[in-house]
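Following: one structure in structure tokens, then a few remarks.
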Amino acid sequence: QESLPAGYVVRPLARSDNQVRSNSSFLKTLEVLTTVGTISDDAFQRRFQYLKEHSDQYYTIVIEDMNVPPTSAGSATSSSPSLVTPGRGKIVAAGTVLAERKFIHELGMVGHIEDIAVSADQQGKKLGLRIIETLKAIGQQVGCYKVILDCSEKNVPFYEKCGFERKGVEMGWYV
Ligand code: ACO
């Protein structure tokens, strides 16, 4: 398995990852995917709590670059000092696997990989690959008989490098 760059760690998403420090929060990382919108810390905490209460279904992981000096905390954090964890690094990648409970295959489980994001300035360092390898391993460990995902045509070569193959067709209905 590819090793991460020095000082980078893979870990589960944490309650404190909603730091408002510029460019360092989990939500900021997701912006490479689509519009994230304005999410208050309260709203983030409620969603985090829901995921925690369903921790046998939602597995959200991040990669953190610990090389960031603690002094880089911005003044924007001064109004909510409790959100800042001194010495923490910067989140540079994220991803989720959702373990769906089925009736078929004798109450089998399917892993759904969702919202894979690597910060624009960190792409091409095998972080995406590491996120996917970790999510595949989680899916396998919790008992999923397969792990699937939807992606755009341009991401097909990336997912092929991660061991996935084309299967079926994605359909969508937007409300
Ligand atoms: N075309 C061809 N090959 C690619 C591409 C691409 N678009 N992207 C990555 N690869 C290759 C790399 O060259 C590398 O190959 P190598 O092992 O031969 O060197 C391998 O795939 C692994 O690449 P990583 O460095 O791990 O890729 P990265 O860290 O940049 O992550 C990702 C890829 C997640 C697509 C990233 O570019 C990103 O966040 N993009 C924007 C958001 C996005 O599209 N997310 C995926 C949405 S689909 C979903 O969430 C289920």
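Chains: A, B, ... in order of the structure tokens. Residues: from 1 per chain. Ligands: from 1, in order shown.
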Long-range neighbours of Gly111 of chain A as a list in words, 7 Å cut-off, only C-alpha atoms, 3 positions minimum in chain:
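The residues that qualify are Val97, Leu98, Ala99, Glu100, Gly139, Cys144, Lys146, Val147 and Ile148 of chain A.
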Convert the current residue selection to file output with all heavy atoms, as a short mmCIF file (atom, residue, chain, number, x, y, z; two decimals), in the first residue's frame.
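And here's part10.cif as it stands now:
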data_model
loop_
_atom_site.label_atom_id
_atom_site.label_comp_id
_atom_site.auth_asym_id
_atom_site.auth_seq_id
_atom_site.Cartn_x
_atom_site.Cartn_y
_atom_site.Cartn_z
N VAL A 97 -18.17 5.97 3.59
CA VAL A 97 -18.83 4.75 3.11
C VAL A 97 -20.05 4.52 3.99
O VAL A 97 -19.98 4.63 5.22
CB VAL A 97 -17.89 3.50 3.06
CG1 VAL A 97 -17.38 3.10 4.42
CG2 VAL A 97 -18.59 2.33 2.37
N LEU A 98 -21.18 4.29 3.34
CA LEU A 98 -22.45 4.09 4.03
C LEU A 98 -22.83 2.62 3.89
O LEU A 98 -22.92 2.11 2.76
CB LEU A 98 -23.50 4.98 3.35
CG LEU A 98 -24.94 4.89 3.76
CD1 LEU A 98 -25.11 5.27 5.22
CD2 LEU A 98 -25.77 5.83 2.89
N ALA A 99 -23.02 1.93 5.01
CA ALA A 99 -23.35 0.49 4.97
C ALA A 99 -24.87 0.33 4.96
O ALA A 99 -25.54 0.55 5.96
CB ALA A 99 -22.73 -0.22 6.17
N GLU A 100 -25.39 -0.02 3.80
CA GLU A 100 -26.84 -0.16 3.61
C GLU A 100 -27.29 -1.58 3.96
O GLU A 100 -26.73 -2.55 3.47
CB GLU A 100 -27.16 0.14 2.14
CG GLU A 100 -28.61 -0.05 1.78
CD GLU A 100 -28.82 -0.54 0.35
OE1 GLU A 100 -27.84 -0.64 -0.41
OE2 GLU A 100 -29.96 -0.87 0.03
N GLY A 139 -15.66 -1.17 4.56
CA GLY A 139 -16.83 -1.88 4.01
C GLY A 139 -16.67 -3.38 4.15
O GLY A 139 -17.61 -4.09 4.57
N CYS A 144 -19.87 -5.89 4.28
CA CYS A 144 -20.51 -5.62 2.99
C CYS A 144 -20.07 -6.66 1.97
O CYS A 144 -18.91 -7.04 1.94
CB CYS A 144 -20.12 -4.23 2.49
SG CYS A 144 -20.72 -2.90 3.55
N LYS A 146 -20.42 -6.07 -1.28
CA LYS A 146 -19.83 -5.28 -2.36
C LYS A 146 -19.81 -3.82 -1.93
O LYS A 146 -20.55 -3.41 -1.02
CB LYS A 146 -20.60 -5.44 -3.67
CG LYS A 146 -22.01 -4.87 -3.64
CD LYS A 146 -22.66 -4.95 -5.02
CE LYS A 146 -24.10 -4.43 -4.97
NZ LYS A 146 -24.79 -4.52 -6.26
N VAL A 147 -18.96 -3.07 -2.59
CA VAL A 147 -18.88 -1.62 -2.33
C VAL A 147 -19.03 -0.95 -3.70
O VAL A 147 -18.32 -1.31 -4.64
CB VAL A 147 -17.55 -1.25 -1.66
CG1 VAL A 147 -17.43 0.27 -1.52
CG2 VAL A 147 -17.42 -1.91 -0.28
N ILE A 148 -19.98 -0.01 -3.80
CA ILE A 148 -20.27 0.62 -5.09
C ILE A 148 -20.25 2.14 -4.97
O ILE A 148 -20.27 2.68 -3.87
CB ILE A 148 -21.64 0.14 -5.65
CG1 ILE A 148 -22.78 0.48 -4.69
CG2 ILE A 148 -21.60 -1.36 -5.92
CD1 ILE A 148 -24.17 0.13 -5.24
#
Within 9 Å of ligand 1, counting only C-alpha atoms and all ligand atoms, residues as a VMD selection string:
chain A and resid 29 to 34 93 to 96 112 to 120 122 to 132 148 to 162
Could you save those same residues with N, CA and C atoms as a CSV table (one decimal), in the first residue's frame?
chain,number,residue,atom,x,y,z
A,29,THR,N,-13.1,21.4,2.6
A,29,THR,CA,-12.6,20.4,1.8
A,29,THR,C,-13.7,19.8,0.8
A,30,LEU,N,-14.9,19.8,1.3
A,30,LEU,CA,-16.0,19.3,0.4
A,30,LEU,C,-16.3,20.2,-0.7
A,31,GLU,N,-15.9,21.4,-0.7
A,31,GLU,CA,-16.2,22.4,-1.7
A,31,GLU,C,-15.7,22.0,-3.1
A,32,VAL,N,-14.7,21.1,-3.2
A,32,VAL,CA,-14.3,20.7,-4.5
A,32,VAL,C,-15.3,19.8,-5.2
A,33,LEU,N,-16.3,19.4,-4.5
A,33,LEU,CA,-17.4,18.5,-5.0
A,33,LEU,C,-18.5,19.3,-5.6
A,34,THR,N,-19.0,20.2,-4.8
A,34,THR,CA,-20.2,21.0,-5.1
A,34,THR,C,-20.4,22.1,-4.1
A,93,ALA,N,-8.4,15.9,2.8
A,93,ALA,CA,-9.2,15.0,2.0
A,93,ALA,C,-10.2,14.3,2.9
A,94,ALA,N,-11.3,13.8,2.3
A,94,ALA,CA,-12.4,13.2,3.0
A,94,ALA,C,-13.2,12.2,2.2
A,95,GLY,N,-13.9,11.4,2.8
A,95,GLY,CA,-14.8,10.4,2.1
A,95,GLY,C,-15.6,9.6,3.1
A,96,THR,N,-16.7,9.1,2.6
A,96,THR,CA,-17.7,8.3,3.4
A,96,THR,C,-18.0,7.0,2.7
A,112,HIS,N,-21.8,2.0,0.2
A,112,HIS,CA,-21.9,3.0,-0.8
A,112,HIS,C,-20.9,4.1,-0.5
A,113,ILE,N,-20.0,4.2,-1.4
A,113,ILE,CA,-18.9,5.3,-1.3
A,113,ILE,C,-19.5,6.6,-1.8
A,114,GLU,N,-19.3,7.6,-1.0
A,114,GLU,CA,-19.9,8.9,-1.3
A,114,GLU,C,-19.0,10.1,-0.9
A,115,ASP,N,-19.1,11.2,-1.7
A,115,ASP,CA,-18.4,12.4,-1.3
A,115,ASP,C,-16.9,12.3,-1.1
A,116,ILE,N,-16.2,11.8,-2.1
A,116,ILE,CA,-14.8,11.7,-2.0
A,116,ILE,C,-14.2,13.1,-2.5
A,117,ALA,N,-13.4,13.7,-1.6
A,117,ALA,CA,-12.9,15.0,-1.9
A,117,ALA,C,-11.4,15.2,-1.5
A,118,VAL,N,-10.6,15.6,-2.4
A,118,VAL,CA,-9.2,16.0,-2.1
A,118,VAL,C,-9.0,17.4,-2.4
A,119,SER,N,-8.5,18.2,-1.5
A,119,SER,CA,-8.4,19.7,-1.7
A,119,SER,C,-7.6,19.9,-3.0
A,120,ALA,N,-8.0,20.9,-3.8
A,120,ALA,CA,-7.4,21.2,-5.1
A,120,ALA,C,-5.9,21.2,-5.1
A,122,GLN,N,-3.9,19.6,-3.2
A,122,GLN,CA,-3.3,18.3,-2.7
A,122,GLN,C,-3.6,17.1,-3.6
A,123,GLN,N,-4.2,17.4,-4.8
A,123,GLN,CA,-4.6,16.3,-5.7
A,123,GLN,C,-3.3,15.8,-6.3
A,124,GLY,N,-3.3,14.5,-6.7
A,124,GLY,CA,-2.2,13.9,-7.4
A,124,GLY,C,-1.1,13.3,-6.4
A,125,LYS,N,-1.4,13.3,-5.1
A,125,LYS,CA,-0.5,12.8,-4.1
A,125,LYS,C,-0.9,11.4,-3.6
A,126,LYS,N,-1.8,10.8,-4.3
A,126,LYS,CA,-2.4,9.5,-3.8
A,126,LYS,C,-3.3,9.5,-2.6
A,127,LEU,N,-3.7,10.7,-2.3
A,127,LEU,CA,-4.6,10.9,-1.1
A,127,LEU,C,-6.0,10.3,-1.4
A,128,GLY,N,-6.5,10.5,-2.6
A,128,GLY,CA,-7.8,10.0,-3.0
A,128,GLY,C,-7.7,8.4,-3.0
A,129,LEU,N,-6.6,7.9,-3.5
A,129,LEU,CA,-6.4,6.5,-3.5
A,129,LEU,C,-6.4,5.9,-2.1
A,130,ARG,N,-5.8,6.6,-1.1
A,130,ARG,CA,-5.7,6.2,0.2
A,130,ARG,C,-7.1,6.2,0.9
A,131,ILE,N,-7.9,7.3,0.6
A,131,ILE,CA,-9.2,7.4,1.1
A,131,ILE,C,-10.1,6.2,0.6
A,132,ILE,N,-10.0,5.9,-0.7
A,132,ILE,CA,-10.8,4.8,-1.2
A,132,ILE,C,-10.3,3.4,-0.6
A,148,ILE,N,-20.0,0.0,-3.8
A,148,ILE,CA,-20.3,0.6,-5.1
A,148,ILE,C,-20.2,2.1,-5.0
A,149,LEU,N,-20.2,2.8,-6.1
A,149,LEU,CA,-20.2,4.3,-6.1
A,149,LEU,C,-20.7,4.8,-7.5
A,150,ASP,N,-21.1,6.0,-7.5
A,150,ASP,CA,-21.5,6.7,-8.8
A,150,ASP,C,-20.4,7.8,-9.0
A,151,CYS,N,-20.0,7.9,-10.3
A,151,CYS,CA,-19.0,9.0,-10.5
A,151,CYS,C,-19.2,9.5,-12.0
A,152,SER,N,-18.6,10.6,-12.2
A,152,SER,CA,-18.6,11.2,-13.6
A,152,SER,C,-17.6,10.4,-14.5
A,153,GLU,N,-17.8,10.5,-15.8
A,153,GLU,CA,-16.9,9.9,-16.8
A,153,GLU,C,-15.5,10.2,-16.5
A,154,LYS,N,-15.2,11.4,-16.2
A,154,LYS,CA,-13.8,11.9,-16.0
A,154,LYS,C,-13.1,11.2,-14.8
A,155,ASN,N,-13.9,10.7,-13.9
A,155,ASN,CA,-13.3,10.1,-12.7
A,155,ASN,C,-13.1,8.6,-12.9
A,156,VAL,N,-13.6,8.0,-14.0
A,156,VAL,CA,-13.5,6.6,-14.2
A,156,VAL,C,-12.1,6.1,-14.1
A,157,PRO,N,-11.1,6.7,-14.8
A,157,PRO,CA,-9.7,6.2,-14.6
A,157,PRO,C,-9.2,6.2,-13.2
A,158,PHE,N,-9.6,7.2,-12.4
A,158,PHE,CA,-9.2,7.2,-11.0
A,158,PHE,C,-9.8,6.0,-10.3
A,159,TYR,N,-11.1,5.7,-10.4
A,159,TYR,CA,-11.7,4.6,-9.7
A,159,TYR,C,-11.2,3.2,-10.2
A,160,GLU,N,-10.8,3.2,-11.5
A,160,GLU,CA,-10.2,1.9,-12.0
A,160,GLU,C,-8.9,1.7,-11.4
A,161,LYS,N,-8.1,2.8,-11.2
A,161,LYS,CA,-6.9,2.6,-10.4
A,161,LYS,C,-7.1,2.1,-9.0
A,162,CYS,N,-8.3,2.4,-8.5
A,162,CYS,CA,-8.6,2.0,-7.1
A,162,CYS,C,-9.3,0.6,-7.1
Coordinates-based distance that separates atom CA of Asn67 of chain A from atom CA of Lys28 of chain A (Å, one decimal)
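Result for atom CA of Lys28 of chain A versus atom CA of Asn67 of chain A: 18.3 Å, one decimal.
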Run DSSP on the backbone and give me the residues of segment 35-133 of chain A it puts in strand (DSSP E or B), as a PyMOL selection string.
chain A and resi 58-65+90-101+109-118
d(atom CA of Ile91 of chain A, atom CA of Asp121 of chain A) in Å:
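Atom-to-atom, atom CA of Ile91 of chain A and atom CA of Asp121 of chain A are spaced 11.9 Å apart.
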Which distance in Å separates atom CA of Tyr145 of chain A and atom CA of Phe26 of chain A, to one decimal?
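Atom CA of Phe26 of chain A lies at a distance of 29.1 Å from atom CA of Tyr145 of chain A.
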What lies within 10 Å of Asp56 of chain A using only C-alpha atoms, ignoring chain neighbours under 2 positions off, as a PyMOL selection string?
chain A and resi 51-54+58-59+98-100+142
If you run DSSP over the backbone, which residues in segment 9-163 of chain A end up helix (DSSP H, G or I)? Put them as an MDAnalysis selection string.
chainID A and resid 15:17 26:30 41:53 70:72 75:77 81:83 104:107 120:122 127:142 153:161
Please dump the current selection as a short mmCIF file (atom, residue, chain, number, x, y, z; two decimals), in the first residue's frame; keep C-alpha atoms.
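Output contents, as saved in again.cif:
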data_model
loop_
_atom_site.label_atom_id
_atom_site.label_comp_id
_atom_site.auth_asym_id
_atom_site.auth_seq_id
_atom_site.Cartn_x
_atom_site.Cartn_y
_atom_site.Cartn_z
CA ARG A 15 -16.76 16.73 16.21
CA SER A 16 -14.04 19.39 16.25
CA ASP A 17 -13.47 19.23 12.49
CA PHE A 26 -13.90 19.49 6.69
CA LEU A 27 -16.68 21.47 5.02
CA LYS A 28 -14.14 23.56 3.10
CA THR A 29 -12.60 20.36 1.75
CA LEU A 30 -16.00 19.26 0.42
CA ASP A 41 -21.72 25.16 13.86
CA ASP A 42 -24.93 24.07 15.61
CA ALA A 43 -26.23 22.52 12.43
CA PHE A 44 -22.89 20.81 11.84
CA GLN A 45 -22.92 19.41 15.37
CA ARG A 46 -26.47 18.07 14.95
CA ARG A 47 -25.54 16.31 11.72
CA PHE A 48 -22.35 14.96 13.33
CA GLN A 49 -24.44 13.67 16.25
CA TYR A 50 -26.80 11.87 13.85
CA LEU A 51 -23.85 10.17 12.17
CA LYS A 52 -22.49 9.20 15.59
CA GLU A 53 -25.82 7.68 16.60
CA PRO A 70 -0.52 25.87 15.18
CA THR A 71 0.14 29.60 14.89
CA SER A 72 -1.77 29.67 11.60
CA SER A 75 -8.45 35.86 13.87
CA ALA A 76 -11.87 34.68 12.61
CA THR A 77 -11.76 32.06 15.35
CA PRO A 81 -12.29 29.91 20.74
CA SER A 82 -13.75 26.53 21.73
CA LEU A 83 -13.77 25.53 18.06
CA ILE A 104 -31.52 -9.83 -0.24
CA HIS A 105 -28.39 -11.93 0.09
CA GLU A 106 -29.64 -13.09 3.48
CA LEU A 107 -29.81 -9.63 4.98
CA ALA A 120 -7.41 21.16 -5.09
CA ASP A 121 -3.80 21.89 -4.06
CA GLN A 122 -3.35 18.34 -2.70
CA LEU A 127 -4.61 10.85 -1.08
CA GLY A 128 -7.76 9.97 -3.02
CA LEU A 129 -6.42 6.45 -3.50
CA ARG A 130 -5.73 6.17 0.24
CA ILE A 131 -9.24 7.39 1.12
CA ILE A 132 -10.79 4.79 -1.22
CA GLU A 133 -8.54 1.96 0.01
CA THR A 134 -9.51 2.79 3.60
CA LEU A 135 -13.25 2.95 2.81
CA LYS A 136 -13.07 -0.37 0.91
CA ALA A 137 -11.38 -1.96 3.92
CA ILE A 138 -14.04 -0.58 6.29
CA GLY A 139 -16.83 -1.88 4.01
CA GLN A 140 -15.23 -5.31 3.91
CA GLN A 141 -14.60 -5.40 7.68
CA VAL A 142 -18.19 -4.50 8.58
CA GLU A 153 -16.94 9.85 -16.76
CA LYS A 154 -13.82 11.87 -16.02
CA ASN A 155 -13.28 10.09 -12.70
CA VAL A 156 -13.53 6.58 -14.20
CA PRO A 157 -9.72 6.20 -14.65
CA PHE A 158 -9.19 7.17 -10.99
CA TYR A 159 -11.68 4.59 -9.71
CA GLU A 160 -10.25 1.94 -12.05
CA LYS A 161 -6.86 2.61 -10.43
#
Looking at A:Gly89, A:Ser25, A:Trp173, A:Thr35, which one is nearest to Val10 of chain A, with distances taken over only C-alpha atoms?
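Nearest candidate to Val10 of chain A out of A:Gly89, A:Ser25, A:Trp173, A:Thr35: A:Gly89.
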